[in-house]
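Here is the file target09.pdb (PDB, C-alpha atoms).
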```pdb
ATOM      1  CA  MET A 244     -20.897  -2.489  13.597
ATOM      2  CA  SER A 245     -23.492  -3.267  10.934
ATOM      3  CA  LEU A 246     -24.491  -6.863  10.323
ATOM      4  CA  LEU A 247     -23.203  -6.316   6.779
ATOM      5  CA  VAL A 248     -19.707  -5.487   8.029
ATOM      6  CA  PRO A 249     -17.806  -7.671  10.515
ATOM      7  CA  PRO A 250     -15.859  -6.060  13.355
ATOM      8  CA  ARG A 251     -12.213  -5.449  12.693
ATOM      9  CA  ARG A 252      -9.937  -8.162  14.061
ATOM     10  CA  PHE A 253      -6.518  -6.677  14.765
ATOM     11  CA  ASP A 254      -4.070  -8.064  17.307
ATOM     12  CA  PRO A 255      -0.723  -6.222  17.445
ATOM     13  CA  LEU A 256       0.775  -9.223  19.244
ATOM     14  CA  VAL A 257       0.053 -11.466  16.242
ATOM     15  CA  PRO A 258       1.396  -9.654  13.163
ATOM     16  CA  GLU A 259       0.974 -10.967   9.670
ATOM     17  CA  ILE A 260       3.708 -13.455   8.869
ATOM     18  CA  MET A 261       5.334 -11.257   6.226
ATOM     19  CA  ASP A 262       5.855  -8.604   8.930
ATOM     20  CA  ARG A 263       7.743 -10.992  11.180
ATOM     21  CA  PRO A 264      11.543 -11.222  11.106
ATOM     22  CA  GLY A 265      13.345 -14.370  10.086
ATOM     23  CA  ASN A 266      11.114 -15.580   7.280
ATOM     24  CA  GLU A 267      12.642 -18.232   5.037
ATOM     25  CA  PRO A 268      13.905 -16.215   2.044
ATOM     26  CA  LYS A 269      12.467 -18.526  -0.599
ATOM     27  CA  LEU A 270       8.984 -18.426   0.960
ATOM     28  CA  LEU A 271       9.149 -14.640   1.387
ATOM     29  CA  ARG A 272      10.120 -14.173  -2.253
ATOM     30  CA  ALA A 273       7.242 -16.410  -3.292
ATOM     31  CA  ASP A 274       4.876 -14.385  -1.088
ATOM     32  CA  LEU A 275       6.043 -11.148  -2.702
ATOM     33  CA  GLY A 276       5.514 -12.776  -6.087
ATOM     34  CA  VAL A 277       1.913 -13.561  -5.151
ATOM     35  CA  LEU A 278       1.372  -9.947  -4.082
ATOM     36  CA  GLU A 279       2.812  -8.780  -7.391
ATOM     37  CA  ASP A 280       0.398 -11.037  -9.269
ATOM     38  CA  ILE A 281      -2.480  -9.695  -7.172
ATOM     39  CA  ASN A 282      -1.484  -6.135  -8.027
ATOM     40  CA  ARG A 283      -1.098  -6.962 -11.701
ATOM     41  CA  PHE A 284      -4.379  -8.790 -12.165
ATOM     42  CA  LEU A 285      -6.626  -7.391  -9.430
ATOM     43  CA  GLY A 286      -6.210  -3.649  -9.777
ATOM     44  CA  GLY A 287      -3.162  -2.827  -7.679
ATOM     45  CA  TYR A 288      -1.481  -1.013 -10.573
ATOM     46  CA  ARG A 289      -4.665   0.341 -12.101
ATOM     47  CA  ILE A 290      -5.598   2.398  -9.035
ATOM     48  CA  PRO A 291      -2.481   4.633  -8.798
ATOM     49  CA  LEU A 292      -2.276   4.937 -12.590
ATOM     50  CA  LEU A 293      -5.931   6.020 -12.667
ATOM     51  CA  TYR A 294      -5.297   8.974 -10.366
ATOM     52  CA  LEU A 295      -1.712   9.975 -11.199
ATOM     53  CA  PRO A 296      -2.681  12.075 -14.260
ATOM     54  CA  GLY A 297      -4.412  14.473 -11.874
ATOM     55  CA  PHE A 298      -1.031  15.303 -10.364
ATOM     56  CA  LEU A 299       0.907  15.918 -13.579
ATOM     57  CA  THR A 300       2.007  19.536 -14.046
ATOM     58  CA  GLY A 301       4.508  19.261 -16.886
ATOM     59  CA  LYS A 302       7.375  19.263 -14.396
ATOM     60  CA  PRO A 303       9.335  16.222 -13.180
ATOM     61  CA  LEU A 304       7.208  14.252 -10.723
ATOM     62  CA  THR A 305       8.577  13.146  -7.355
ATOM     63  CA  ILE A 306       6.820  10.230  -5.647
ATOM     64  CA  LEU A 307       7.224   8.567  -2.256
ATOM     65  CA  ASP A 308       5.952   4.973  -2.173
ATOM     66  CA  LEU A 309       5.376   3.705   1.357
ATOM     67  CA  ALA A 310       5.586  -0.004   2.227
ATOM     68  CA  THR A 311       6.812  -0.690  -1.283
ATOM     69  CA  GLY A 312       7.275  -4.455  -0.872
ATOM     70  CA  ALA A 313       8.991  -5.788  -3.991
ATOM     71  CA  ALA A 314       8.740  -2.302  -5.546
ATOM     72  CA  ASP A 315       6.373  -3.581  -8.216
ATOM     73  CA  VAL A 316       4.065  -0.540  -8.041
ATOM     74  CA  PRO A 317       6.987   1.872  -8.634
ATOM     75  CA  ARG A 318       8.101  -0.227 -11.597
ATOM     76  CA  ALA A 319       4.600  -0.158 -13.054
ATOM     77  CA  ILE A 320       4.525   3.619 -12.657
ATOM     78  CA  VAL A 321       7.916   4.036 -14.320
ATOM     79  CA  ASN A 322       6.758   1.939 -17.274
ATOM     80  CA  TRP A 323       3.687   4.181 -17.521
ATOM     81  CA  THR A 324       5.668   7.434 -17.342
ATOM     82  CA  ARG A 325       8.245   6.274 -19.879
ATOM     83  CA  THR A 326       5.557   5.751 -22.518
ATOM     84  CA  ARG A 327       4.245   9.269 -21.820
ATOM     85  CA  GLN A 328       7.658  10.951 -21.648
ATOM     86  CA  VAL A 329       7.054  12.057 -18.051
ATOM     87  CA  ASN A 330      10.135  12.462 -15.892
ATOM     88  CA  VAL A 331       9.668  10.769 -12.531
ATOM     89  CA  GLU A 332      11.748  10.118  -9.431
ATOM     90  CA  ILE A 333      10.397   7.544  -6.986
ATOM     91  CA  THR A 334      11.638   6.907  -3.468
ATOM     92  CA  ALA A 335      10.412   3.441  -2.483
ATOM     93  CA  VAL A 336      10.570   2.650   1.231
ATOM     94  CA  ASP A 337       9.873  -0.337   3.424
ATOM     95  CA  GLY A 338      10.756  -1.254   6.987
ATOM     96  CA  ASN A 339      11.627  -4.904   6.401
ATOM     97  CA  PRO A 340      15.289  -5.416   5.400
ATOM     98  CA  GLU A 341      14.566  -8.855   3.921
ATOM     99  CA  ILE A 342      11.862  -7.410   1.684
ATOM    100  CA  LEU A 343      14.099  -4.487   0.739
ATOM    101  CA  ARG A 344      16.731  -6.911  -0.481
ATOM    102  CA  VAL A 345      14.215  -8.181  -3.031
ATOM    103  CA  ALA A 346      13.131  -4.642  -3.909
ATOM    104  CA  ARG A 347      16.719  -3.582  -4.600
ATOM    105  CA  GLU A 348      17.257  -6.594  -6.838
ATOM    106  CA  ASN A 349      14.046  -5.844  -8.717
ATOM    107  CA  THR A 350      14.943  -2.201  -9.295
ATOM    108  CA  ALA A 351      18.519  -2.685 -10.430
ATOM    109  CA  GLY A 352      18.690  -0.914 -13.759
ATOM    110  CA  TRP A 353      15.730   1.325 -12.907
ATOM    111  CA  PRO A 354      17.445   4.680 -12.293
ATOM    112  CA  GLU A 355      14.136   6.403 -11.598
ATOM    113  CA  ILE A 356      13.669   4.353  -8.391
ATOM    114  CA  ARG A 357      15.622   4.741  -5.167
ATOM    115  CA  VAL A 358      15.017   2.180  -2.398
ATOM    116  CA  GLU A 359      15.353   3.123   1.283
ATOM    117  CA  GLN A 360      14.696   1.430   4.611
ATOM    118  CA  GLN A 361      12.339   3.545   6.699
ATOM    119  CA  ASP A 362       9.866   3.025   9.527
ATOM    120  CA  LEU A 363       6.449   4.289   8.414
ATOM    121  CA  LEU A 364       5.891   5.604  11.937
ATOM    122  CA  ALA A 365       9.144   7.599  11.897
ATOM    123  CA  LEU A 366       9.486   8.933   8.360
ATOM    124  CA  PRO A 367      12.371  11.469   8.204
ATOM    125  CA  TYR A 368      11.170  13.515   5.233
ATOM    126  CA  PRO A 369      10.415  17.230   5.649
ATOM    127  CA  ALA A 370       7.069  18.826   4.899
ATOM    128  CA  ALA A 371       6.027  19.117   1.244
ATOM    129  CA  SER A 372       9.069  17.144   0.053
ATOM    130  CA  PHE A 373       7.277  14.936  -2.530
ATOM    131  CA  ASP A 374       4.660  15.754  -5.142
ATOM    132  CA  VAL A 375       2.689  12.587  -4.444
ATOM    133  CA  VAL A 376       2.757  10.047  -1.626
ATOM    134  CA  LEU A 377       1.548   6.517  -2.393
ATOM    135  CA  CYS A 378       0.611   3.800   0.066
ATOM    136  CA  SER A 379      -0.733   0.464  -1.171
ATOM    137  CA  LEU A 380      -2.065  -2.439   0.916
ATOM    138  CA  ALA A 381      -0.307  -1.203   4.036
ATOM    139  CA  LEU A 382      -2.607   0.616   6.459
ATOM    140  CA  HIS A 383      -4.394  -2.568   7.507
ATOM    141  CA  HIS A 384      -1.104  -3.754   9.019
ATOM    142  CA  PHE A 385      -1.415  -1.071  11.711
ATOM    143  CA  SER A 386      -3.638  -0.225  14.621
ATOM    144  CA  GLU A 387      -6.130   2.545  13.991
ATOM    145  CA  SER A 388      -4.117   5.072  16.002
ATOM    146  CA  ASP A 389      -0.902   4.216  14.138
ATOM    147  CA  ALA A 390      -2.736   4.350  10.797
ATOM    148  CA  VAL A 391      -3.957   7.856  11.667
ATOM    149  CA  ALA A 392      -0.382   8.855  12.533
ATOM    150  CA  ILE A 393       0.798   7.585   9.134
ATOM    151  CA  LEU A 394      -1.995   9.464   7.357
ATOM    152  CA  ARG A 395      -0.994  12.618   9.229
ATOM    153  CA  ARG A 396       2.599  12.260   8.018
ATOM    154  CA  ILE A 397       1.429  11.540   4.468
ATOM    155  CA  HIS A 398      -0.577  14.768   4.564
ATOM    156  CA  ASP A 399       2.479  16.632   5.830
ATOM    157  CA  ILE A 400       5.003  15.161   3.376
ATOM    158  CA  ALA A 401       2.867  15.463   0.230
ATOM    159  CA  ARG A 402       3.276  18.682  -1.714
ATOM    160  CA  GLY A 403       0.577  17.886  -4.251
ATOM    161  CA  GLY A 404      -1.434  15.065  -2.726
ATOM    162  CA  TRP A 405      -1.715  11.382  -2.020
ATOM    163  CA  ILE A 406      -3.058   8.126  -3.429
ATOM    164  CA  ILE A 407      -3.737   5.463  -0.808
ATOM    165  CA  ASN A 408      -5.362   2.139  -1.577
ATOM    166  CA  ASP A 409      -6.120  -0.888   0.517
ATOM    167  CA  LEU A 410      -8.561  -3.706   1.085
ATOM    168  CA  ARG A 411     -12.171  -3.001   2.070
ATOM    169  CA  ARG A 412     -13.407  -5.099   4.989
ATOM    170  CA  ASN A 413     -16.558  -7.133   4.379
ATOM    171  CA  TRP A 414     -17.900 -10.636   4.907
ATOM    172  CA  ILE A 415     -17.480 -11.695   1.272
ATOM    173  CA  ALA A 416     -13.772 -10.839   1.085
ATOM    174  CA  ILE A 417     -13.106 -12.589   4.390
ATOM    175  CA  GLY A 418     -15.058 -15.671   3.370
ATOM    176  CA  LEU A 419     -13.397 -15.971  -0.020
ATOM    177  CA  SER A 420      -9.909 -15.507   1.417
ATOM    178  CA  LYS A 421     -10.524 -18.222   4.009
ATOM    179  CA  LEU A 422     -11.870 -20.569   1.349
ATOM    180  CA  MET A 423      -8.823 -20.018  -0.855
ATOM    181  CA  ALA A 424      -6.510 -20.466   2.134
ATOM    182  CA  ARG A 425      -8.053 -23.899   2.732
ATOM    183  CA  THR A 426      -8.015 -24.972  -0.905
ATOM    184  CA  ILE A 427      -5.797 -23.368  -3.544
ATOM    185  CA  ILE A 428      -3.218 -21.320  -1.610
ATOM    186  CA  THR A 429      -0.036 -23.313  -0.974
ATOM    187  CA  ASN A 430       2.398 -20.664   0.300
ATOM    188  CA  PRO A 431       2.180 -20.795   4.129
ATOM    189  CA  ILE A 432       2.742 -17.043   4.443
ATOM    190  CA  VAL A 433      -0.089 -16.211   2.059
ATOM    191  CA  ARG A 434      -2.309 -18.882   3.629
ATOM    192  CA  PHE A 435      -2.213 -17.015   6.947
ATOM    193  CA  ASP A 436      -1.847 -13.442   5.715
ATOM    194  CA  ALA A 437      -4.630 -13.367   3.113
ATOM    195  CA  PRO A 438      -7.524 -13.940   5.547
ATOM    196  CA  ALA A 439      -5.762 -11.893   8.233
ATOM    197  CA  SER A 440      -5.444  -8.940   5.859
ATOM    198  CA  CYS A 441      -9.145  -9.060   5.006
ATOM    199  CA  GLU A 442     -10.079  -9.192   8.695
ATOM    200  CA  ARG A 443      -7.728  -6.320   9.579
ATOM    201  CA  ALA A 444      -8.810  -4.053   6.731
ATOM    202  CA  PHE A 445     -10.788  -0.892   7.402
ATOM    203  CA  THR A 446     -14.119   0.257   5.980
ATOM    204  CA  ILE A 447     -14.793   3.398   3.965
ATOM    205  CA  ALA A 448     -16.506   5.011   6.941
ATOM    206  CA  GLU A 449     -13.524   4.224   9.167
ATOM    207  CA  TRP A 450     -11.110   5.623   6.598
ATOM    208  CA  ARG A 451     -13.149   8.823   6.306
ATOM    209  CA  ALA A 452     -13.046   9.351  10.056
ATOM    210  CA  MET A 453      -9.337   8.505  10.221
ATOM    211  CA  ALA A 454      -8.446  10.882   7.369
ATOM    212  CA  THR A 455     -10.360  13.674   9.083
ATOM    213  CA  ARG A 456      -8.541  12.993  12.360
ATOM    214  CA  ALA A 457      -5.249  13.156  10.430
ATOM    215  CA  GLY A 458      -6.056  16.678   9.234
ATOM    216  CA  MET A 459      -6.949  15.753   5.655
ATOM    217  CA  SER A 460      -9.790  17.772   4.200
ATOM    218  CA  HIS A 461      -9.699  17.760   0.381
ATOM    219  CA  PHE A 462     -10.090  14.063  -0.305
ATOM    220  CA  THR A 463     -12.414  11.483  -1.789
ATOM    221  CA  ILE A 464     -12.781   7.775  -1.054
ATOM    222  CA  ARG A 465     -13.920   5.489  -3.861
ATOM    223  CA  ARG A 466     -14.737   1.809  -4.018
ATOM    224  CA  HIS A 467     -12.803  -0.261  -6.519
ATOM    225  CA  ARG A 468     -13.184  -3.782  -7.783
ATOM    226  CA  PHE A 469     -11.879  -6.802  -5.907
ATOM    227  CA  PHE A 470     -12.723  -5.339  -2.484
ATOM    228  CA  ARG A 471     -10.382  -2.382  -2.765
ATOM    229  CA  MET A 472     -10.841   1.272  -1.952
ATOM    230  CA  ALA A 473      -8.801   4.387  -2.683
ATOM    231  CA  LEU A 474      -8.301   7.517  -0.597
ATOM    232  CA  VAL A 475      -7.152  10.294  -2.940
ATOM    233  CA  GLY A 476      -6.543  13.872  -1.886
ATOM    234  CA  HIS A 477      -4.993  17.153  -2.957
ATOM    235  CA  GLN A 478      -3.393  19.839  -0.852
TER     236      GLN A 478
END
```
What do you get writing this file as C-alpha cells?
Amino acid sequence: MSLLVPPRRFDPLVPEIMDRPGNEPKLLRADLGVLEDINRFLGGYRIPLLYLPGFLTGKPLTILDLATGAADVPRAIVNWTRTRQVNVEITAVDGNPEILRVARENTAGWPEIRVEQQDLLALPYPAASFDVVLCSLALHHFSESDAVAILRRIHDIARGGWIINDLRRNWIAIGLSKLMARTIITNPIVRFDAPASCERAFTIAEWRAMATRAGMSHFTIRRHRFFRMALVGHQ
C-alpha cells in the first residue's frame, strides 16, 4: 500500500455500531438523521442525480436502492423525477429491521417507493429486473470478497446499469473523522462509525479490481468531493 493511502482496516468481528442489533431506537434515529444531513450537504444526493439522466429512456424508470437506510436517497430521487415528470418506481431495501421501521415511516405517502427487508448477500431478484441499481455508502461495510459478490449481483440484476457511491479511503478523511469524533460529534453511534467507515472504505484502484472480478466491463470510476467516489456502469 502506498504511503499516501493507509491499509484498509476491516474486522468482521467488530461491525459498525449501526449494523449491530439492539441499538437504542432514539440513538439510531439520530444516527440516520446525521447520515441524511451528510447526504444532503456533502454530495450524497448529488451523485445519483448527476448520473441518472444517462439512464432515462422516456419510459417509466425502475430503481433498486440497496442499503437504503432511512430511504432519504429514494425520496430525493422522487422529488427530482416529479419536477421532470418522469415516472419512477423505487424498491428500497435494507437488512436491518430497526432501520427499515424508520424508512417505512419516512416513505409513508410516497407511493413511488416500496420498502423491503433483504440481505444484500442473498438478493432474490431475477436477472435484468431493474433499470438501475443504486448502492450508497454500503460496500465499505463488507469484506472485499462479499463486496465483490454484491457487485456481481448488481451487475446481474441491473437491466440498464448501476450507480454506486461510497467513501474513498485516505489519510485526510480518516484524520478528519477522528478529530470530529473527539470534538464535535456527540452521537455515540456516529462517534464510532464515522472513523470506522473511513478506515474500512476502499480505494479507486481496489474498486476497479473488484468490479472487474465481478464481471463488470463498461464502467467508469470518478472522484467526487468530500472523499467520495462513484462507480457508474451500463450494460
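Here the PyMOL selection byres ((chain A and resi 345) around 9) captures the residues A:Arg272, A:Leu275, A:Gly312, A:Ala313, A:Ala314, A:Pro340, A:Glu341, A:Ile342, A:Leu343, A:Arg344, A:Ala346, A:Arg347, A:Glu348, A:Asn349, A:Thr350.
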Would you mind listing what lies within 9 Å of Ser440 (chain A) as a PyMOL selection string, with only C-alpha atoms counted and same-chain residues fewer than 6 positions away left out? chain A and resi 259+380+383-384+410+412+417
Interatomic distance (Å, one decimal) between CA of Asn339 (chain A) and CA of Ile432 (chain A): 15.2 Å
If we count only C-alpha atoms and set the cut-off at 9 Å, which residues sit around Pro258 (chain A), ignoring sequence neighbours fewer than 5 positions away in its own chain? Please answer as a PyMOL selection string. chain A and resi 253+263+384+436+439
Quick one: residues within 12 Å of Arg327 (chain A), only C-alpha atoms, excluding same-chain residues fewer than 5 positions away - as a PyMOL selection string? chain A and resi 296+299+301+320-322
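The gap separating CA of Ala437 (chain A) from CA of Trp414 (chain A) is 13.7 Å, in Å to one decimal.
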Spatial neighbours of region 423-426 of chain A, max dist 9 Å, only C-alpha atoms, sep filter under 5 positions, as a list of chain:residue names: A:Gly418, A:Pro431, A:Val433, A:Arg434, A:Phe435, A:Ala437, A:Pro438
Let me know the residues the PyMOL selection byres ((chain A and resi 306-308) around 8) catches in the file above, as a ChimeraX atom specification. /A:304-305,309-311,317,331-336,373-378
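Checking A:Asn408, A:Asn430, A:Ser372, A:Ser379 one by one against Ile464 (chain A), counting only C-alpha atoms, you find the shortest gap at A:Asn408.
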